[in-house]
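Have a look at the structure below, then the notes.
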Amino acid sequence: MESDVLLSDGSTVHLRPITPGDAPAIVDFHGRMSERTRYLRYFSPYPRIPDRDLERFVNVDHADREAYVIVSGKRIMAVGRYERLGPDSPEAEVAFVVEDAHQGRGIGSVLLEHLAEAARKHGIERFVAEVLPQNAGMLRVFGDTGYPVQRRYEDGTVHLSFPIAPTEQSRAVQEDREQRTESRSIARLLNPRGVAVYGASASGQGIGAALLGHLRDGGYRGAIIPVHRSADRVGGLPAYPSAVDARVDVDLALIALPPASVADAVTDAAAAGAGGLVVISAGFAEVGAEGQAAQRALIESAHRAGLRVVGPVSMGVANTDPGVRLNATLAPRLPAAGRVGFFSQSGALGVALLTEADRRGLGLSTFVSAGNRADVSGNDLLQFWQDDPGTDVVLLYLETFGNPRKFARLARRMSRVKPVVAVASASRPPGLAGELPGPDERAVTALFARSGVIRVDTVAELFDVGLLLAHQPLPAGRRVAVVGNSSALSRLAVAAARANGLIVARGYPRDISPQAGAHDFADALAEAAVDDGVDALVVVFAPPLPGQLADEDADFAAALASVALAGEKPTVATFLLGQSPPRVPSYPSVEESVRALGRVTSYAEWLRRPPGVLPSFDIEDESDVLSAYGISVVPSISAGDVDAVLAAADRAGYPVAIKAAGRALRHRIDLGAVRLALAGPDEVRAAYAELVAAFGPEVLVQRMVPAGVACTIEVVEDSAFGPVVGFGLGGVASELLGDLAWRAAPLTDRAAEALVDEPRAAPLLHGYRGSEPVDRAALVDLLLRVGRLADDHPEISSLSLNPVLARPDGYSVLHAHIELGEARPRGDTGPRRLVTP
């Protein structure tokens with residue numbers, strides 16, 4: 001399988017299976033290797049490849065024998081291969097060799113991941129290898145895989161053997177390498193030593209000239225190279241016909257050219273050593289099929305030249321670090337330097353978003369506008385910001401999801417160290433639409449919730465929450481003190497707090513007199529700030545009448561700042577007098593300030609809870625997939641006439657239930673499609689006659705089980721998110737309201753617990769109006785098993801357990817339905833590869 005992959009330095013290369021046509025390139029590759037490298041690989045000098053060996057090297061069956069090459073352009077940089085040790089053997093010998101100039105760039109580990117994936121598909125379970133003791137680099141590659149490698153020294157050779165099934169440790173190693181490589185690829189874009197600008201006119205007109213001017217006037221610390229075919233100077237700077245001619249280090253290229261000219265700029269930037277492109281140009285996927293093809297060609301050529309791509313239709317990238325001062329955007333002015341990283345998928349909104357951040361006083365560390373998001377995405381930025389010492393908070397403006405499973409994984413990890421705030425489309429991402437029952441908003445919000453992301457609904461709220469996170473500590477709980485000089489505003493704050501899940505602390509709201517001065521105001525705030533029963537402050541302030549107070553007692557902003565910036569409790573304000581103090585989040589309305597505090601408080605609670613864990617199960621070797629995962633279904637016997645029904649009842653054992661056979665009718669007691677607790681043959685005959693008249697002759701017969709609360713569990717294999725598990729209570733009302741909670745599989749223990757508690761009808765499970773609570777732990781265990789099953793079997797397109805009767809002593813699954821389809825690849829599984837969104 002062909003893939004673009006990232007190396008440890010953040011550059012891209014192409015991995016593909018070897019072909020017979022590679023023979024000349026293999027000979028050339030062999031000739032570039034040093035004598036030492038050839039000796040370490042072949043255990044002999046091996047100065048040239050004999051024709052017979054060459055024929056065997058480039059002709060493989062891609063099953064028992066596989067070989068991959070790593071190429072940059074047309075040049076082979078490395079070869080990796082495995083060969084099965086005999087027909088149907090579960091073992092294969094693996095080996096690879098990397099050109100001297102490219103050793104130490106992580107190529108060996110990438111080859112090993114892809115070879116292991118290919119081998120597993122063909123029934124190979126274990127790799128073996130022979131390595132000379134002096135080949136420390138190769139021994140390190142095998143030792144650092146996360147696989148349990150066994151070593152044996154014999155006859156001057158180290159013999160290695162290890163199973164290639166993924167393990168928790170091997171996945172952790174792979175994800176750590178993925179984070180480092182993706183982070184480095186973005187770091188080179190945002191911290192460039194030099195920037196080449198393509199498309200800036202000598203006349204100073206147009207987008208390219210604007211980009212160049214903003215870069216120059218923003219005080220960028222590195223070299224700026226305008227590339228122009230004929231002009232000697234552009235924008236007051238020396239210009240060159242090629243970036244190579246400038247003879248300086250170039251890491252980033254800005255391209256504002258017509259689509260037909262972009263390819264030449266890519267080639268030139270690669271020749272100058274650039275690591276990435278920001279393509280401002282339009283005319284790609286956003287204009288239709290022809291543009292989509294041009295965009296694919298752009299990404300393919302860039303990746304094969306070792307470049308990452310931001311865009312096309314990007315508004316640019318920025319880094320406010322005083323040592324960089326990169327304004328490679330269409331915005332003439334950047335917000336002040338700060339500690340908030342900002343990713344915007346929208347190119348059109350990019351300038352407006354930067355302007356609004358500047359107006360609000362929200363300082364940014366770095367900014368990326370992805371435009372068409374053909375390569376660099378929000379996932380890449382999450383990888384970069386995770387370890388970026390200059391970023392404490394991340395804001396995301398998302399329109400679609402490229403790889404949502406990966407987003408959920410990265411955001412869950414990121415949110416544990418830095419808060420992530422995201423505004424995303426209120427409708428489902430492509431792939432979810434039409435596939436999940438229930439309101440779109442609930443399903444998507446649930447997928448965010450598992451990740452710890454603070455989900456907001458509007459751009460305004462994105463900045464509301466961002467300001468609070470950037471300048472104030474996290475609250476220790478939900479208790480808020482409302483302090484102000486207006487009882488009307490205080491009442492609004494109390495109502496807003498309750499609506500946002502906050503608790504008004506005992507003794508509050510505390511109103512000071514409208515005639516009180518700044519000193520009285522500061523005293524009231526200070527008392528609230530040291531109150532042990534308070535976790536956060538909500539300040540509401542209306543201006544006094546003109547002339548009411550002496551000047552020395554009218555500096556309310558200073559009074560607010562003296563408390564809000566000195567304590568450890570977050571403070572939000574609705575401050576209707578002049579300019580609020582810097583770093584104290586102030587909002588135009590009480591509702592906006594309290595809503596932002598509520599969002600941040602929920603995130604702080606999520607952060608305090610321990611992360612969920614994926615439980616392990618012993619999977620049995622059963623023909624029935626449900627039984628293999630420990631999920632038992634009460635047997636149903638199908639029958640189509642009265643004699644068969646009576647025989648089935650005898651076999652099941654009285655009392656029995658008889659149900660119409662149609663899947664949609666099996667639980668519809670309200671329609672009369674179910675008859676319960678039939679104690680003998682006469683009752684069975686009478687019930688069957690009624691069912692035949694209403695629903696036809698086909699019925700299902702089951703033994704009766706103890707009564708319980710009817711629940712339903714659903715699984716949908718979504719094309720974007722993979723398997724998604726839903727849980728809700730049974731009944732027509734729940735179906736009508738779409739009262740199901742959803743989480744992406746596999747489920748952690750915490751996710752399964754949340755599924756049980758989240759439906760609006762969930763109180764029925766906890767003992768409602770005197771009923772005994774059901775066994776919640778048993779339901780959680782069932783959901784965990786369903787989530788594991790769904791994740792293990794991508795061929796399952798949908799699964800339904802309905803009804804599940806939950807009781808104080810456990811549960812009974814009465815019916816199960818599974819639909820199979822083609823097993824589709826999932827976006828966040830397998831070896832590392834760049835997946836074009």
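Chain lettering (A, B, ...) mirrors the order of the structure tokens, residue numbering begins at 1 for each chain separately, and ligand numbering begins at 1 in order of display.
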
- Message: Using DSSP assignments from the backbone, pull out every residue in stretch 344-470 of chain A that falls under alpha helix (DSSP H) and give it to me as a ChimeraX atom specification.
- Response: /A:350-360,378-387,404-415,440-451,459-470

- Message: List the spatial neighbours of stretch 697-708 of chain A as number ranges by chain - criterion: any atom at most 8 Å away, only C-alpha atoms, same-chain residues fewer than 4 positions off excluded.
- Response: A: 634-641, 645, 648-649, 652-661, 676-677, 691-692, 805-807, 811-812

- Item | Separation of atom CA of A:Leu6 from atom CA of A:Thr400, in Å and rounded to one decimal |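 A separation of 23.5 Å between them.
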
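Of the listed residues (A:Ser34, A:Ser513, A:Glu527, A:Ile70), A:Ser513 comes nearest to A:Ala542; the distances count only C-alpha atoms.
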
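Among the candidates A:Pro17, A:Pro794, A:Pro133, A:Gly378, the residue lying nearest to A:Ala78 is A:Pro17 (atoms considered: only C-alpha atoms).
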